[in-house]
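**Q** The structure that follows is given in the form of structure tokens.
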Amino acid sequence: VAVDSFEAQSTTPAGKALLAIYEGGGGCFRGSRPVHAKGTLCRGRFFPSLAASRLTTARHMQGGPVDVAVRFSNASSNPHSLDNALDVRGMATKFYVPGTGAKPEQAAHETDIVAVTLPCFFVNEPEQFPAFARAQRSGFTRLGYIALHPTSWNATFALGRAGKPKSYATCRFNAIHAYRWTDARGGERYVRYSWIPLAGVQKLPRRRARKGGENYLAYEIQERLRAAPVRFKLQLQIAGPNDSTRDPSTIWRSPTTVDAGTLELTRADLEPASEDLVFDPNRLTPGIDPSDDPLLLFRPAVYEMSSKRRSARTCP
Ligand code: HEM
């Protein structure tokens with residue numbers, strides 16, 4: 001894989017963001033993701049609801065189940081991060097939309113949802129991201145950043161209350177950005193996604209949190225899947241008049257939600273090649289478009305650069 005020199009990359013906004021992630025995360029772990037480095041891939045299917053098919057023409061929302069890959073992760077940059085440390089958890093989902101015919105618009109393709117256990121993000125402009133990422137290098141610099149940036153307060157407060165999950169299967173994951181769904185008549189609405197665990201949101205009791213073990217989340221999900229499928233509901237929150245479509249640091253207040261379908265995971269995929277998958281919050285499909293959120297529009301360039309770098313196993 002051809003990878004531009006890091007010097008050349010780091011003059012672009014995406015390159016600056018990636019460099020800042022390495023600086024804040026304590027270096028580069030060759031071949032790993034620079035954040036969400038430790039993960040477990042699972043496979044299964046998604047069953048869309050009738051309500052979802054009425055709100056978008058997107059093919060994976062039209063009735064038949066579609067195959068999915070889901071990568072659960074810890075947000076840390078360290079591929080050996082401790083599952084029993086306080087951290088944000090990730091759930092990246094890839095829908096494999098089958099082809100329906102020979103025309104280009106009927107071709108098989110993938111579409112992704114990238115979500116975390118926070119209800120909102122720490123920054124809302126790409127320009128703010130490098131300073132935020134660099135501030136992660138110690139508790140002291142992180143606190144300093146938070147004190148000076150009120151935009152980060154909603155996410156910080158949520159992180160403080162997060163606790164440690166009993167299982168990846170008992171976390172609620174949110175995709176944070178707004179997306180525009182278009183139906184067959186051209187009707188449009190802005191939505192935010194959440195994956196709601198059907199096992200219920202469950203945390204480890206405080207006194208057990210340290211005893212969880214450094215790989216308890218990775219082992220637990222494999223064991224759980226051996227016993228029974230793991231299910232999540234895809235919930236759409238439909239934007240209300242006061243919900244910002246361009247500010248991912250805010251929490252939406254709209255009470256209107258729609259059940260868009262059920263995800264059913266049936267097995268873990270521990271093949272090393274499963275780590276090569278690349279998820280992208282802007283890998284969309286006709287019937288679903290990005291909102292005007294500048295952070296959402298910025299992320300794909302960083303993810304692409306990062307995935308090239310890790311597949312080439314290079315460091316700056
Ligand atoms: C400007 C803001 C952001 C930047 C620059 C950024 C950067 C990155 C990078 C470089 C990766 C590794 C990609 C790879 O090598 O495949 C990554 C992964 C990830 N990010 Fe972000 N991120 C941002 C915001 C967010 C937000 C808002 C969320 C939550 C919705 C999020 C959730 C994740 C998750 C879950 C992964 C792991 C995906 C996987 O399992 O492959 N990120 N991010």
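Ordering of the structure tokens sets the chain letters (A, B, ...); residue numbers start at 1 within each chain; ligands are numbered from 1 in the order shown.
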Give me the residues within 10 Å of Tyr216 in chain A as a ChimeraX atom specification, counting only C-alpha atoms and dropping any in the same chain fewer than 5 places off.
**A** /A:82-84,166-168,211,221
**Q** Take the selection from the previous step and output its residues with C-alpha atoms, as a short mmCIF file (atom, residue, chain, number, x, y, z; two decimals), in the first residue's frame.
**A**
```cif
data_model
loop_
_atom_site.label_atom_id
_atom_site.label_comp_id
_atom_site.auth_asym_id
_atom_site.auth_seq_id
_atom_site.Cartn_x
_atom_site.Cartn_y
_atom_site.Cartn_z
CA LEU A 82 -7.21 -3.03 30.18
CA ASP A 83 -10.90 -3.83 29.83
CA ASN A 84 -11.34 -2.94 33.52
CA LYS A 166 -20.93 -5.71 32.49
CA SER A 167 -20.58 -6.66 28.83
CA TYR A 168 -20.32 -5.09 25.41
CA LYS A 211 -11.88 -7.55 39.66
CA ILE A 221 -18.72 -11.46 24.51
#
```
**Q** Just want the 10 Å neighbourhood of Asp292 in chain A, counted on only C-alpha atoms, with same-chain residues fewer than 4 positions away dropped. Output as a ChimeraX atom specification.
**A** /A:177-180,244-247,296-297
**Q** With C-alpha atoms retained, could you export that selection as an mmCIF file, in the first residue's frame?
**A**
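Full text of out16.cif as output:
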```
data_model
loop_
_atom_site.group_PDB
_atom_site.id
_atom_site.type_symbol
_atom_site.label_atom_id
_atom_site.label_comp_id
_atom_site.auth_asym_id
_atom_site.auth_seq_id
_atom_site.Cartn_x
_atom_site.Cartn_y
_atom_site.Cartn_z
ATOM 1 C CA HIS A 177 -23.851 12.808 14.306
ATOM 2 C CA ALA A 178 -27.091 13.601 12.470
ATOM 3 C CA TYR A 179 -27.920 11.912 9.146
ATOM 4 C CA ARG A 180 -30.628 12.809 6.627
ATOM 5 C CA SER A 244 -28.809 21.007 16.079
ATOM 6 C CA THR A 245 -27.909 18.863 13.066
ATOM 7 C CA ARG A 246 -24.408 20.352 12.909
ATOM 8 C CA ASP A 247 -23.258 20.274 16.532
ATOM 9 C CA LEU A 296 -18.812 14.245 10.353
ATOM 10 C CA LEU A 297 -17.613 15.568 6.990
#
```
**Q** Which residues form the shell of 7 Å around ligand 1 when you count only C-alpha atoms and all ligand atoms, given as number ranges by chain?
**A** A: 17-18, 33-36, 39, 71-73, 90-92, 114-116, 121, 126, 129, 174-177, 277-279, 295, 298-299, 302-303, 306-307, 310
**Q** Given only C-alpha atoms as the basis, pick out the residue of A:Gly44, A:Gly25, A:Pro286, A:Pro255 nearest to Ala135 in chain A.
**A**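 Of the candidates, the smallest distance to Ala135 in chain A is held by A:Gly25.
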**Q** What's around Gln106 in chain A at 12 Å? Count only C-alpha atoms, leave out sequence neighbours fewer than 6 positions away in its own chain, and write the answer as a list in words.
**A** Ala58, Arg59, Val97, Pro98, Gly99, Thr100, Thr285 and Pro286 of chain A
**Q** Taking C-alpha atoms for each residue, export the selection above as a PDB file, in the first residue's frame.
**A**
```pdb
ATOM      1  CA  ALA A  58     -31.826   2.723   1.718  1.00  0.00           C
ATOM      2  CA  ARG A  59     -31.650  -0.881   0.529  1.00  0.00           C
ATOM      3  CA  VAL A  97     -25.895  -4.714   1.229  1.00  0.00           C
ATOM      4  CA  PRO A  98     -26.390  -7.392  -1.463  1.00  0.00           C
ATOM      5  CA  GLY A  99     -26.605  -6.523  -5.164  1.00  0.00           C
ATOM      6  CA  THR A 100     -30.006  -6.491  -6.876  1.00  0.00           C
ATOM      7  CA  THR A 285     -25.971   4.519   0.791  1.00  0.00           C
ATOM      8  CA  PRO A 286     -28.666   6.186  -1.355  1.00  0.00           C
TER       9      PRO A 286
END
```
